[in-house]
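**Q** Contents of final07.csv (CSV, N, CA and C atoms and all ligand atoms) are given next:
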chain,number,residue,atom,x,y,z
A,21,MET,N,0.5,-11.0,16.7
A,21,MET,CA,1.5,-10.2,15.8
A,21,MET,C,0.9,-9.0,15.2
A,22,LEU,N,-0.2,-9.1,14.6
A,22,LEU,CA,-0.8,-8.0,13.9
A,22,LEU,C,-1.6,-7.1,14.8
A,23,THR,N,-1.5,-5.8,14.7
A,23,THR,CA,-2.2,-5.0,15.7
A,23,THR,C,-3.5,-4.4,15.1
A,24,ARG,N,-3.5,-3.9,13.9
A,24,ARG,CA,-4.7,-3.3,13.3
A,24,ARG,C,-4.4,-3.0,11.9
A,25,ILE,N,-5.4,-2.7,11.1
A,25,ILE,CA,-5.3,-2.3,9.7
A,25,ILE,C,-4.6,-0.9,9.7
A,26,HIS,N,-3.5,-0.8,9.0
A,26,HIS,CA,-2.8,0.5,9.0
A,26,HIS,C,-3.3,1.4,7.9
A,27,HIS,N,-3.5,0.9,6.7
A,27,HIS,CA,-4.2,1.6,5.7
A,27,HIS,C,-4.7,0.7,4.6
A,28,VAL,N,-5.5,1.2,3.7
A,28,VAL,CA,-6.0,0.5,2.6
A,28,VAL,C,-5.5,1.2,1.3
A,29,GLY,N,-4.9,0.4,0.4
A,29,GLY,CA,-4.4,1.0,-0.8
A,29,GLY,C,-5.4,0.8,-1.9
A,30,ILE,N,-5.6,1.9,-2.7
A,30,ILE,CA,-6.6,1.9,-3.7
A,30,ILE,C,-5.9,2.4,-5.0
A,31,ALA,N,-6.0,1.6,-6.0
A,31,ALA,CA,-5.4,2.0,-7.3
A,31,ALA,C,-6.4,2.9,-8.1
A,32,VAL,N,-5.9,4.0,-8.6
A,32,VAL,CA,-6.7,5.0,-9.2
A,32,VAL,C,-6.1,5.4,-10.6
A,33,ALA,N,-6.9,5.9,-11.5
A,33,ALA,CA,-6.4,6.3,-12.8
A,33,ALA,C,-5.9,7.7,-12.7
A,34,ASP,N,-6.6,8.6,-12.0
A,34,ASP,CA,-6.2,10.0,-11.9
A,34,ASP,C,-6.1,10.4,-10.5
A,35,LEU,N,-4.8,10.6,-10.1
A,35,LEU,CA,-4.6,10.9,-8.6
A,35,LEU,C,-5.2,12.2,-8.2
A,36,GLU,N,-5.0,13.3,-8.9
A,36,GLU,CA,-5.6,14.6,-8.5
A,36,GLU,C,-7.1,14.5,-8.4
A,37,GLU,N,-7.8,13.9,-9.4
A,37,GLU,CA,-9.2,13.8,-9.3
A,37,GLU,C,-9.6,12.9,-8.1
A,38,SER,N,-8.9,11.8,-7.9
A,38,SER,CA,-9.2,10.9,-6.7
A,38,SER,C,-9.1,11.6,-5.4
A,39,ILE,N,-8.0,12.4,-5.3
A,39,ILE,CA,-7.8,13.2,-4.0
A,39,ILE,C,-9.0,14.1,-3.8
A,40,ARG,N,-9.4,14.8,-4.9
A,40,ARG,CA,-10.6,15.7,-4.8
A,40,ARG,C,-11.8,14.9,-4.3
A,41,LEU,N,-12.0,13.8,-5.0
A,41,LEU,CA,-13.2,13.0,-4.7
A,41,LEU,C,-13.2,12.5,-3.2
A,42,TYR,N,-12.1,12.0,-2.8
A,42,TYR,CA,-12.1,11.4,-1.4
A,42,TYR,C,-12.2,12.5,-0.4
A,43,ARG,N,-11.7,13.7,-0.7
A,43,ARG,CA,-11.8,14.9,0.2
A,43,ARG,C,-13.3,15.3,0.3
A,44,ALA,N,-13.9,15.4,-0.9
A,44,ALA,CA,-15.3,15.8,-1.0
A,44,ALA,C,-16.3,14.8,-0.4
A,45,ALA,N,-16.0,13.5,-0.7
A,45,ALA,CA,-17.0,12.5,-0.3
A,45,ALA,C,-16.9,12.1,1.1
A,46,LEU,N,-15.6,12.0,1.6
A,46,LEU,CA,-15.4,11.4,2.9
A,46,LEU,C,-14.8,12.4,3.9
A,47,GLY,N,-14.5,13.6,3.5
A,47,GLY,CA,-13.9,14.6,4.3
A,47,GLY,C,-12.5,14.1,4.6
A,48,ALA,N,-11.9,13.4,3.8
A,48,ALA,CA,-10.5,12.9,4.0
A,48,ALA,C,-9.5,14.0,3.9
A,49,GLU,N,-8.5,13.9,4.7
A,49,GLU,CA,-7.4,14.9,4.7
A,49,GLU,C,-6.2,14.4,4.1
A,50,LEU,N,-5.6,15.2,3.2
A,50,LEU,CA,-4.4,14.8,2.5
A,50,LEU,C,-3.2,15.0,3.5
A,51,ILE,N,-2.5,13.9,3.8
A,51,ILE,CA,-1.4,14.1,4.8
A,51,ILE,C,0.0,13.9,4.2
A,52,HIS,N,0.1,13.2,3.1
A,52,HIS,CA,1.4,13.0,2.5
A,52,HIS,C,1.3,12.6,1.1
A,53,ARG,N,2.3,13.1,0.3
A,53,ARG,CA,2.3,12.7,-1.1
A,53,ARG,C,3.8,12.2,-1.4
A,54,ALA,N,3.9,11.3,-2.3
A,54,ALA,CA,5.2,10.8,-2.6
A,54,ALA,C,5.2,10.1,-4.0
A,55,SER,N,6.3,10.1,-4.7
A,55,SER,CA,6.4,9.3,-5.9
A,55,SER,C,7.7,8.6,-6.0
A,56,SER,N,7.7,7.5,-6.7
A,56,SER,CA,8.9,6.7,-6.8
A,56,SER,C,9.1,6.4,-8.3
A,57,GLU,N,10.1,7.0,-8.9
A,57,GLU,CA,10.4,6.7,-10.3
A,57,GLU,C,10.7,5.3,-10.5
A,58,LYS,N,11.4,4.7,-9.6
A,58,LYS,CA,11.9,3.3,-9.6
A,58,LYS,C,10.7,2.4,-9.6
A,59,GLU,N,9.7,2.6,-8.8
A,59,GLU,CA,8.5,1.8,-8.7
A,59,GLU,C,7.4,2.2,-9.7
A,60,GLY,N,7.7,3.3,-10.4
A,60,GLY,CA,6.7,3.8,-11.4
A,60,GLY,C,5.3,4.2,-10.8
A,61,LEU,N,5.4,4.9,-9.7
A,61,LEU,CA,4.2,5.0,-8.8
A,61,LEU,C,4.2,6.4,-8.2
A,62,GLU,N,3.0,6.9,-8.1
A,62,GLU,CA,2.7,8.2,-7.4
A,62,GLU,C,1.6,7.8,-6.3
A,63,ALA,N,1.8,8.3,-5.1
A,63,ALA,CA,0.9,7.9,-4.1
A,63,ALA,C,0.5,9.2,-3.2
A,64,ALA,N,-0.8,9.1,-2.7
A,64,ALA,CA,-1.2,10.1,-1.8
A,64,ALA,C,-1.8,9.4,-0.6
A,65,PHE,N,-1.4,9.9,0.6
A,65,PHE,CA,-1.9,9.3,1.8
A,65,PHE,C,-2.9,10.2,2.4
A,66,LEU,N,-4.1,9.7,2.7
A,66,LEU,CA,-5.2,10.5,3.3
A,66,LEU,C,-5.7,9.9,4.6
A,67,ARG,N,-6.0,10.8,5.5
A,67,ARG,CA,-6.7,10.3,6.7
A,67,ARG,C,-8.2,10.5,6.6
A,68,ALA,N,-8.9,9.5,6.9
A,68,ALA,CA,-10.4,9.5,6.9
A,68,ALA,C,-10.9,9.0,8.2
A,69,GLY,N,-11.2,9.9,9.1
A,69,GLY,CA,-11.5,9.5,10.5
A,69,GLY,C,-10.3,8.8,11.1
A,70,ASP,N,-10.6,7.6,11.7
A,70,ASP,CA,-9.5,6.9,12.3
A,70,ASP,C,-8.6,6.1,11.3
A,71,GLY,N,-9.1,6.1,10.0
A,71,GLY,CA,-8.5,5.2,9.0
A,71,GLY,C,-7.6,6.0,8.1
A,72,GLU,N,-6.8,5.3,7.4
A,72,GLU,CA,-5.9,5.9,6.4
A,72,GLU,C,-6.0,5.2,5.1
A,73,LEU,N,-6.0,6.0,4.0
A,73,LEU,CA,-6.1,5.5,2.7
A,73,LEU,C,-4.8,5.9,1.9
A,74,GLU,N,-4.4,5.0,1.0
A,74,GLU,CA,-3.3,5.3,0.1
A,74,GLU,C,-3.8,5.2,-1.3
A,75,LEU,N,-3.9,6.3,-2.0
A,75,LEU,CA,-4.3,6.3,-3.4
A,75,LEU,C,-3.0,6.1,-4.2
A,76,LEU,N,-3.1,5.2,-5.1
A,76,LEU,CA,-1.9,4.8,-6.0
A,76,LEU,C,-2.2,5.1,-7.4
A,77,ALA,N,-1.3,5.8,-8.1
A,77,ALA,CA,-1.5,6.0,-9.5
A,77,ALA,C,-0.2,5.6,-10.2
A,78,ALA,N,-0.3,4.9,-11.3
A,78,ALA,CA,0.9,4.4,-12.0
A,78,ALA,C,1.5,5.5,-12.9
A,79,LEU,N,2.8,5.6,-12.9
A,79,LEU,CA,3.5,6.5,-13.8
A,79,LEU,C,3.8,5.9,-15.1
A,80,ARG,N,3.8,4.6,-15.2
A,80,ARG,CA,4.0,3.8,-16.4
A,80,ARG,C,3.1,2.6,-16.4
A,81,GLU,N,2.8,2.1,-17.6
A,81,GLU,CA,2.0,0.9,-17.7
A,81,GLU,C,2.7,-0.4,-17.4
A,82,ASP,N,4.1,-0.3,-17.5
A,82,ASP,CA,4.9,-1.5,-17.2
A,82,ASP,C,5.3,-1.6,-15.7
A,83,SER,N,4.8,-0.6,-14.9
A,83,SER,CA,5.2,-0.7,-13.4
A,83,SER,C,4.2,-1.6,-12.8
A,84,PRO,N,4.5,-2.1,-11.5
A,84,PRO,CA,3.5,-3.0,-10.9
A,84,PRO,C,2.1,-2.5,-10.8
A,85,VAL,N,1.9,-1.2,-10.4
A,85,VAL,CA,0.6,-0.7,-10.3
A,85,VAL,C,0.0,-0.5,-11.7
A,86,GLY,N,0.9,-0.1,-12.7
A,86,GLY,CA,0.4,0.0,-14.1
A,86,GLY,C,-0.1,-1.3,-14.6
A,87,LYS,N,0.6,-2.4,-14.3
A,87,LYS,CA,0.1,-3.7,-14.8
A,87,LYS,C,-1.2,-4.1,-14.1
A,88,PHE,N,-1.3,-3.7,-12.8
A,88,PHE,CA,-2.5,-4.0,-12.0
A,88,PHE,C,-3.7,-3.3,-12.7
A,89,MET,N,-3.5,-2.0,-13.0
A,89,MET,CA,-4.5,-1.2,-13.7
A,89,MET,C,-5.0,-1.8,-15.0
A,90,VAL,N,-4.0,-2.3,-15.8
A,90,VAL,CA,-4.3,-2.8,-17.1
A,90,VAL,C,-5.1,-4.1,-16.9
A,91,LYS,N,-4.7,-4.9,-15.9
A,91,LYS,CA,-5.3,-6.2,-15.7
A,91,LYS,C,-6.7,-6.1,-15.0
A,92,ARG,N,-6.8,-5.3,-14.0
A,92,ARG,CA,-8.0,-5.3,-13.1
A,92,ARG,C,-8.7,-4.0,-13.0
A,93,GLY,N,-8.1,-2.9,-13.5
A,93,GLY,CA,-8.7,-1.6,-13.4
A,93,GLY,C,-8.6,-1.0,-12.0
A,94,PRO,N,-9.2,0.2,-11.8
A,94,PRO,CA,-9.1,0.8,-10.5
A,94,PRO,C,-9.8,0.0,-9.5
A,95,GLY,N,-9.3,0.2,-8.2
A,95,GLY,CA,-10.0,-0.5,-7.1
A,95,GLY,C,-9.1,-0.9,-6.0
A,96,LEU,N,-9.5,-1.8,-5.1
A,96,LEU,CA,-8.7,-2.2,-4.0
A,96,LEU,C,-7.4,-2.8,-4.5
A,97,HIS,N,-6.3,-2.3,-4.0
A,97,HIS,CA,-5.0,-2.8,-4.4
A,97,HIS,C,-4.3,-3.6,-3.3
A,98,HIS,N,-4.3,-3.1,-2.1
A,98,HIS,CA,-3.7,-3.8,-1.0
A,98,HIS,C,-4.3,-3.4,0.4
A,99,VAL,N,-4.2,-4.3,1.3
A,99,VAL,CA,-4.5,-3.9,2.7
A,99,VAL,C,-3.2,-4.0,3.5
A,100,ALA,N,-3.0,-3.0,4.3
A,100,ALA,CA,-1.7,-2.9,5.1
A,100,ALA,C,-2.0,-3.0,6.6
A,101,TYR,N,-1.2,-3.8,7.3
A,101,TYR,CA,-1.3,-4.1,8.7
A,101,TYR,C,-0.1,-3.5,9.4
A,102,ALA,N,-0.4,-2.9,10.6
A,102,ALA,CA,0.7,-2.3,11.4
A,102,ALA,C,1.3,-3.4,12.2
A,103,VAL,N,2.6,-3.5,12.2
A,103,VAL,CA,3.3,-4.4,13.1
A,103,VAL,C,4.4,-3.7,13.9
A,104,THR,N,4.7,-4.1,15.0
A,104,THR,CA,5.7,-3.4,15.8
A,104,THR,C,7.1,-3.9,15.5
A,105,ASP,N,7.3,-5.1,15.0
A,105,ASP,CA,8.6,-5.6,14.7
A,105,ASP,C,8.5,-6.4,13.3
A,106,ILE,N,8.8,-5.7,12.2
A,106,ILE,CA,8.5,-6.3,10.9
A,106,ILE,C,9.4,-7.5,10.6
A,107,THR,N,10.6,-7.6,11.1
A,107,THR,CA,11.4,-8.8,10.9
A,107,THR,C,10.8,-10.0,11.6
A,108,LYS,N,10.3,-9.8,12.8
A,108,LYS,CA,9.6,-10.9,13.5
A,108,LYS,C,8.3,-11.2,12.7
A,109,ALA,N,7.6,-10.2,12.2
A,109,ALA,CA,6.3,-10.4,11.5
A,109,ALA,C,6.6,-11.3,10.3
A,110,LEU,N,7.7,-11.0,9.5
A,110,LEU,CA,8.0,-11.7,8.3
A,110,LEU,C,8.4,-13.2,8.6
A,111,ALA,N,9.1,-13.3,9.7
A,111,ALA,CA,9.4,-14.7,10.2
A,111,ALA,C,8.2,-15.5,10.5
A,112,GLU,N,7.2,-14.9,11.2
A,112,GLU,CA,6.0,-15.5,11.5
A,112,GLU,C,5.1,-15.8,10.3
A,113,ALA,N,5.2,-14.9,9.3
A,113,ALA,CA,4.4,-15.1,8.1
A,113,ALA,C,5.0,-16.3,7.3
A,114,ARG,N,6.3,-16.3,7.2
A,114,ARG,CA,7.0,-17.5,6.6
A,114,ARG,C,6.6,-18.8,7.3
A,115,ALA,N,6.6,-18.8,8.6
A,115,ALA,CA,6.3,-20.0,9.4
A,115,ALA,C,4.9,-20.4,9.1
A,116,ALA,N,4.0,-19.4,8.9
A,116,ALA,CA,2.6,-19.7,8.6
A,116,ALA,C,2.4,-20.2,7.2
A,117,GLY,N,3.5,-20.2,6.4
A,117,GLY,CA,3.3,-20.7,5.0
A,117,GLY,C,3.0,-19.6,4.0
A,118,LEU,N,3.1,-18.3,4.4
A,118,LEU,CA,2.8,-17.3,3.4
A,118,LEU,C,3.9,-17.1,2.5
A,119,GLU,N,3.6,-16.7,1.2
A,119,GLU,CA,4.7,-16.4,0.3
A,119,GLU,C,5.0,-14.9,0.3
A,120,LEU,N,6.2,-14.6,0.6
A,120,LEU,CA,6.6,-13.1,0.7
A,120,LEU,C,7.0,-12.6,-0.6
A,121,ILE,N,6.6,-11.4,-1.0
A,121,ILE,CA,7.1,-10.7,-2.1
A,121,ILE,C,8.5,-10.1,-1.7
A,122,ASP,N,8.5,-9.5,-0.6
A,122,ASP,CA,9.7,-8.9,0.0
A,122,ASP,C,10.3,-9.8,1.0
A,123,ALA,N,11.4,-10.5,0.8
A,123,ALA,CA,12.0,-11.4,1.7
A,123,ALA,C,12.6,-10.6,2.9
A,124,GLU,N,13.0,-9.3,2.6
A,124,GLU,CA,13.5,-8.5,3.7
A,124,GLU,C,12.7,-7.2,3.7
A,125,PRO,N,12.6,-6.5,4.8
A,125,PRO,CA,11.9,-5.2,4.9
A,125,PRO,C,12.6,-4.2,4.0
A,126,ARG,N,11.8,-3.3,3.5
A,126,ARG,CA,12.5,-2.2,2.7
A,126,ARG,C,11.8,-0.9,3.1
A,127,MET,N,12.4,0.2,2.8
A,127,MET,CA,11.8,1.5,3.2
A,127,MET,C,10.7,1.9,2.2
A,128,GLY,N,9.5,2.2,2.8
A,128,GLY,CA,8.4,2.6,2.0
A,128,GLY,C,8.3,4.1,1.8
A,129,MET,N,7.4,4.5,1.0
A,129,MET,CA,7.3,5.9,0.6
A,129,MET,C,6.9,6.8,1.8
A,130,HIS,N,6.4,6.2,2.8
A,130,HIS,CA,5.9,6.9,4.0
A,130,HIS,C,7.0,7.0,5.1
A,131,GLY,N,8.2,6.5,4.8
A,131,GLY,CA,9.3,6.6,5.7
A,131,GLY,C,9.2,5.5,6.8
A,132,SER,N,8.5,4.5,6.5
A,132,SER,CA,8.4,3.3,7.4
A,132,SER,C,8.9,2.1,6.7
A,133,LEU,N,9.4,1.1,7.5
A,133,LEU,CA,9.8,-0.2,6.9
A,133,LEU,C,8.5,-0.9,6.5
A,134,ILE,N,8.5,-1.5,5.3
A,134,ILE,CA,7.4,-2.2,4.8
A,134,ILE,C,7.8,-3.5,4.1
A,135,ALA,N,6.9,-4.4,3.9
A,135,ALA,CA,7.1,-5.7,3.2
A,135,ALA,C,5.8,-6.1,2.7
A,136,PHE,N,5.8,-6.7,1.5
A,136,PHE,CA,4.6,-7.2,0.9
A,136,PHE,C,4.5,-8.7,0.9
A,137,VAL,N,3.3,-9.2,1.1
A,137,VAL,CA,3.0,-10.7,1.1
A,137,VAL,C,2.2,-10.9,-0.2
A,138,HIS,N,2.5,-12.0,-0.9
A,138,HIS,CA,1.8,-12.3,-2.2
A,138,HIS,C,0.3,-12.5,-2.0
A,139,PRO,N,-0.5,-11.9,-2.9
A,139,PRO,CA,-2.0,-12.0,-2.8
A,139,PRO,C,-2.5,-13.4,-2.7
A,140,LYS,N,-1.8,-14.4,-3.4
A,140,LYS,CA,-2.3,-15.8,-3.4
A,140,LYS,C,-2.2,-16.4,-2.0
A,141,SER,N,-1.4,-15.8,-1.1
A,141,SER,CA,-1.3,-16.3,0.3
A,141,SER,C,-2.5,-15.9,1.2
A,142,LEU,N,-3.1,-14.8,0.9
A,142,LEU,CA,-4.1,-14.3,1.8
A,142,LEU,C,-5.4,-13.9,1.0
A,143,GLY,N,-6.1,-14.9,0.5
A,143,GLY,CA,-7.4,-14.7,-0.1
A,143,GLY,C,-7.4,-13.8,-1.3
A,144,GLY,N,-6.3,-13.7,-2.1
A,144,GLY,CA,-6.3,-12.9,-3.3
A,144,GLY,C,-6.1,-11.4,-3.0
A,145,VAL,N,-5.8,-11.1,-1.8
A,145,VAL,CA,-5.6,-9.6,-1.5
A,145,VAL,C,-4.1,-9.4,-1.2
A,146,LEU,N,-3.5,-8.5,-2.0
A,146,LEU,CA,-2.1,-8.1,-1.7
A,146,LEU,C,-2.0,-7.5,-0.3
A,147,THR,N,-1.1,-8.0,0.5
A,147,THR,CA,-1.0,-7.6,1.9
A,147,THR,C,0.3,-7.0,2.2
A,148,GLU,N,0.3,-5.9,2.9
A,148,GLU,CA,1.5,-5.1,3.3
A,148,GLU,C,1.6,-5.1,4.8
A,149,TYR,N,2.8,-5.2,5.3
A,149,TYR,CA,3.1,-5.0,6.7
A,149,TYR,C,3.8,-3.6,6.8
A,150,VAL,N,3.5,-2.9,7.7
A,150,VAL,CA,4.1,-1.6,8.0
A,150,VAL,C,4.6,-1.5,9.4
A,151,GLU,N,5.9,-1.3,9.6
A,151,GLU,CA,6.4,-1.2,11.0
A,151,GLU,C,6.1,0.2,11.5
A,152,GLU,N,5.7,0.2,12.8
A,152,GLU,CA,5.5,1.5,13.4
A,152,GLU,C,5.7,1.4,14.9
A,201,CO,CO,0.5,0.7,1.3
Give the structure from this file in structure tokens form.
Ligand code: CO

**A**
Amino acid sequence: MLTRIHHVGIAVADLEESIRLYRAALGAELIHRASSEKEGLEAAFLRAGDGELELLAALREDSPVGKFMVKRGPGLHHVAYAVTDITKALAEARAAGLELIDAEPRMGMHGSLIAFVHPKSLGGVLTEYVEE
């Protein structure tokens, strides 16, 4: 079912400073920026070699990423896997006993269908499926 790691999500306190840091330190290239008032989230997608990073900054403390930052501070937020058929992937995840945060796929900030799996299902790591 799973093909490869699609991107790694990293929660940061200061998005602009983090973009500068990842560009300078890794030669990462900024490919996309988006924000969601509803999710209280601002994100920057960067390409670093073959890999992709999603830097996430909270717009509010009571948003999901805001709560994550309050509880755990900056750091690894989620690992995203590429799937070719997200509906099938979610059915297989359910069959494997994983607890889904998103019962149905939804449109992500990158223009792809996404769904999240509860961190308690996969070793404490929030897991995202991205259809491509
Ligand atoms: Co993501």

**Q** Residues within 12 Å of ligand CO 201 (chain A) should be enumerated using only C-alpha atoms and all ligand atoms and returned as number ranges by chain.

**A** A: 25-31, 54, 61-66, 72-76, 85, 96-102, 127-137, 146-151

**Q** What is the atom CA of Lys58 of chain A-atom C of Val90 of chain A distance in Å, reported with one decimal?

**A** 19.9 Å

**Q** What does the distance from atom N of Ala109 of chain A to atom CA of Gly71 of chain A come to in Å, to one decimal?

**A**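 Interatomic distance, atom N of Ala109 of chain A to atom CA of Gly71 of chain A: 22.5 Å.
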
**Q** If you measure from atom N of Ser56 of chain A to atom C of Leu35 of chain A, what distance in Å do you get, rounded to one decimal?

**A**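 Distance reported for this atom pair: 13.8 Å.
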
**Q** Considering only alpha helix (DSSP H) as DSSP defines it on the backbone, what residues of segment 89-142 of chain A qualify? List them as a PDB file with N, CA and C atoms, keeping the file's coordinate frame.

**A**
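Result file is result-v1.pdb:
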ATOM      1  N   MET A  89      -3.500  -2.000 -13.000  1.00  0.00           N
ATOM      2  CA  MET A  89      -4.500  -1.200 -13.700  1.00  0.00           C
ATOM      3  C   MET A  89      -5.000  -1.800 -15.000  1.00  0.00           C
ATOM      4  N   VAL A  90      -4.000  -2.300 -15.800  1.00  0.00           N
ATOM      5  CA  VAL A  90      -4.300  -2.800 -17.100  1.00  0.00           C
ATOM      6  C   VAL A  90      -5.100  -4.100 -16.900  1.00  0.00           C
ATOM      7  N   LYS A  91      -4.700  -4.900 -15.900  1.00  0.00           N
ATOM      8  CA  LYS A  91      -5.300  -6.200 -15.700  1.00  0.00           C
ATOM      9  C   LYS A  91      -6.700  -6.100 -15.000  1.00  0.00           C
ATOM     10  N   ARG A  92      -6.800  -5.300 -14.000  1.00  0.00           N
ATOM     11  CA  ARG A  92      -8.000  -5.300 -13.100  1.00  0.00           C
ATOM     12  C   ARG A  92      -8.700  -4.000 -13.000  1.00  0.00           C
ATOM     13  N   ILE A 106       8.800  -5.700  12.200  1.00  0.00           N
ATOM     14  CA  ILE A 106       8.500  -6.300  10.900  1.00  0.00           C
ATOM     15  C   ILE A 106       9.400  -7.500  10.600  1.00  0.00           C
ATOM     16  N   THR A 107      10.600  -7.600  11.100  1.00  0.00           N
ATOM     17  CA  THR A 107      11.400  -8.800  10.900  1.00  0.00           C
ATOM     18  C   THR A 107      10.800 -10.000  11.600  1.00  0.00           C
ATOM     19  N   LYS A 108      10.300  -9.800  12.800  1.00  0.00           N
ATOM     20  CA  LYS A 108       9.600 -10.900  13.500  1.00  0.00           C
ATOM     21  C   LYS A 108       8.300 -11.200  12.700  1.00  0.00           C
ATOM     22  N   ALA A 109       7.600 -10.200  12.200  1.00  0.00           N
ATOM     23  CA  ALA A 109       6.300 -10.400  11.500  1.00  0.00           C
ATOM     24  C   ALA A 109       6.600 -11.300  10.300  1.00  0.00           C
ATOM     25  N   LEU A 110       7.700 -11.000   9.500  1.00  0.00           N
ATOM     26  CA  LEU A 110       8.000 -11.700   8.300  1.00  0.00           C
ATOM     27  C   LEU A 110       8.400 -13.200   8.600  1.00  0.00           C
ATOM     28  N   ALA A 111       9.100 -13.300   9.700  1.00  0.00           N
ATOM     29  CA  ALA A 111       9.400 -14.700  10.200  1.00  0.00           C
ATOM     30  C   ALA A 111       8.200 -15.500  10.500  1.00  0.00           C
ATOM     31  N   GLU A 112       7.200 -14.900  11.200  1.00  0.00           N
ATOM     32  CA  GLU A 112       6.000 -15.500  11.500  1.00  0.00           C
ATOM     33  C   GLU A 112       5.100 -15.800  10.300  1.00  0.00           C
ATOM     34  N   ALA A 113       5.200 -14.900   9.300  1.00  0.00           N
ATOM     35  CA  ALA A 113       4.400 -15.100   8.100  1.00  0.00           C
ATOM     36  C   ALA A 113       5.000 -16.300   7.300  1.00  0.00           C
ATOM     37  N   ARG A 114       6.300 -16.300   7.200  1.00  0.00           N
ATOM     38  CA  ARG A 114       7.000 -17.500   6.600  1.00  0.00           C
ATOM     39  C   ARG A 114       6.600 -18.800   7.300  1.00  0.00           C
ATOM     40  N   ALA A 115       6.600 -18.800   8.600  1.00  0.00           N
ATOM     41  CA  ALA A 115       6.300 -20.000   9.400  1.00  0.00           C
ATOM     42  C   ALA A 115       4.900 -20.400   9.100  1.00  0.00           C
TER      43      ALA A 115
END

**Q** Determine the nearest neighbour of Lys140 of chain A from the options A:Glu119, A:Glu36, A:Glu57, A:Glu124, counting only C-alpha atoms.

**A**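 Between A:Glu119, A:Glu36, A:Glu57, A:Glu124, the residue approaching Lys140 of chain A most closely is A:Glu119.
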
**Q** Take the point (-2.0, 6.0, -12.3) as written in the file and pick out every residue within 6 Å of it, counting all atoms listed in the file; give the list as a list of chain:residue names.

**A** A:Val32, A:Ala33, A:Asp34, A:Leu35, A:Leu76, A:Ala77, A:Ala78, A:Leu79

**Q** Using DSSP assignments from the backbone, pull out every residue in chain A that falls under strand (DSSP E or B) and give it to me as a ChimeraX atom specification.

**A** /A:24-31,49-56,61-68,71-78,95-103,120,126-127,133-137,146-151

**Q** Identify, on the basis of all atoms listed in the file, every residue whose closest approach to Pro84 of chain A does not exceed 7 Å; exclude the query and any residue fewer than 5 positions from it along the same chain; express the result as a list in words.

**A**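 Contacts, in chain order: Glu59, Gly60 and Met89 of chain A.
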
**Q** Skip Leu110 of chain A itself and residues of its chain fewer than 5 positions away, then list as a list in words all residues within 8 Å of it, counting all atoms listed in the file.

**A**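 Here the answer would be Asp105, Ala115, Ala116, Leu120, Asp122, Ala123, Glu124, Pro125 and Ala135 of chain A.
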
**Q** For those residues, write N, CA and C atoms to a file as an mmCIF file, in the frame of the given file.

**A**
data_model
loop_
_atom_site.group_PDB
_atom_site.id
_atom_site.type_symbol
_atom_site.label_atom_id
_atom_site.label_comp_id
_atom_site.auth_asym_id
_atom_site.auth_seq_id
_atom_site.Cartn_x
_atom_site.Cartn_y
_atom_site.Cartn_z
ATOM 1 N N ASP A 105 7.300 -5.100 15.000
ATOM 2 C CA ASP A 105 8.600 -5.600 14.700
ATOM 3 C C ASP A 105 8.500 -6.400 13.300
ATOM 4 N N ALA A 115 6.600 -18.800 8.600
ATOM 5 C CA ALA A 115 6.300 -20.000 9.400
ATOM 6 C C ALA A 115 4.900 -20.400 9.100
ATOM 7 N N ALA A 116 4.000 -19.400 8.900
ATOM 8 C CA ALA A 116 2.600 -19.700 8.600
ATOM 9 C C ALA A 116 2.400 -20.200 7.200
ATOM 10 N N LEU A 120 6.200 -14.600 0.600
ATOM 11 C CA LEU A 120 6.600 -13.100 0.700
ATOM 12 C C LEU A 120 7.000 -12.600 -0.600
ATOM 13 N N ASP A 122 8.500 -9.500 -0.600
ATOM 14 C CA ASP A 122 9.700 -8.900 0.000
ATOM 15 C C ASP A 122 10.300 -9.800 1.000
ATOM 16 N N ALA A 123 11.400 -10.500 0.800
ATOM 17 C CA ALA A 123 12.000 -11.400 1.700
ATOM 18 C C ALA A 123 12.600 -10.600 2.900
ATOM 19 N N GLU A 124 13.000 -9.300 2.600
ATOM 20 C CA GLU A 124 13.500 -8.500 3.700
ATOM 21 C C GLU A 124 12.700 -7.200 3.700
ATOM 22 N N PRO A 125 12.600 -6.500 4.800
ATOM 23 C CA PRO A 125 11.900 -5.200 4.900
ATOM 24 C C PRO A 125 12.600 -4.200 4.000
ATOM 25 N N ALA A 135 6.900 -4.400 3.900
ATOM 26 C CA ALA A 135 7.100 -5.700 3.200
ATOM 27 C C ALA A 135 5.800 -6.100 2.700
#

**Q** Of the candidates A:Ile39, A:Ile51, A:Ile106, A:Ala45, which shows the shortest atom-to-atom distance to Arg126 of chain A, using only C-alpha atoms?

**A** A:Ile106

**Q** Which one is closest to Glu152 of chain A: A:Thr104, A:Ser38, A:Ala44, A:Ser55? Count only N, CA and C atoms.

**A**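 Ranked by minimum distance to Glu152 of chain A, first place goes to A:Thr104.
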
**Q** Complete the atom set of segment 57-61 of chain A to N, CA, C and O atoms and return it as a compact mmCIF listing (two decimals), in the frame of the given file.

**A**
# COMPACT_ATOMS: atom_id res chain seq x y z
N GLU A 57 10.10 7.00 -8.90
CA GLU A 57 10.40 6.70 -10.30
C GLU A 57 10.70 5.30 -10.50
O GLU A 57 10.27 4.62 -11.47
N LYS A 58 11.40 4.70 -9.60
CA LYS A 58 11.90 3.30 -9.60
C LYS A 58 10.70 2.40 -9.60
O LYS A 58 10.63 1.39 -10.41
N GLU A 59 9.70 2.60 -8.80
CA GLU A 59 8.50 1.80 -8.70
C GLU A 59 7.40 2.20 -9.70
O GLU A 59 6.36 1.59 -9.83
N GLY A 60 7.70 3.30 -10.40
CA GLY A 60 6.70 3.80 -11.40
C GLY A 60 5.30 4.20 -10.80
O GLY A 60 4.28 3.84 -11.32
N LEU A 61 5.40 4.90 -9.70
CA LEU A 61 4.20 5.00 -8.80
C LEU A 61 4.20 6.40 -8.20
O LEU A 61 5.22 6.92 -7.75
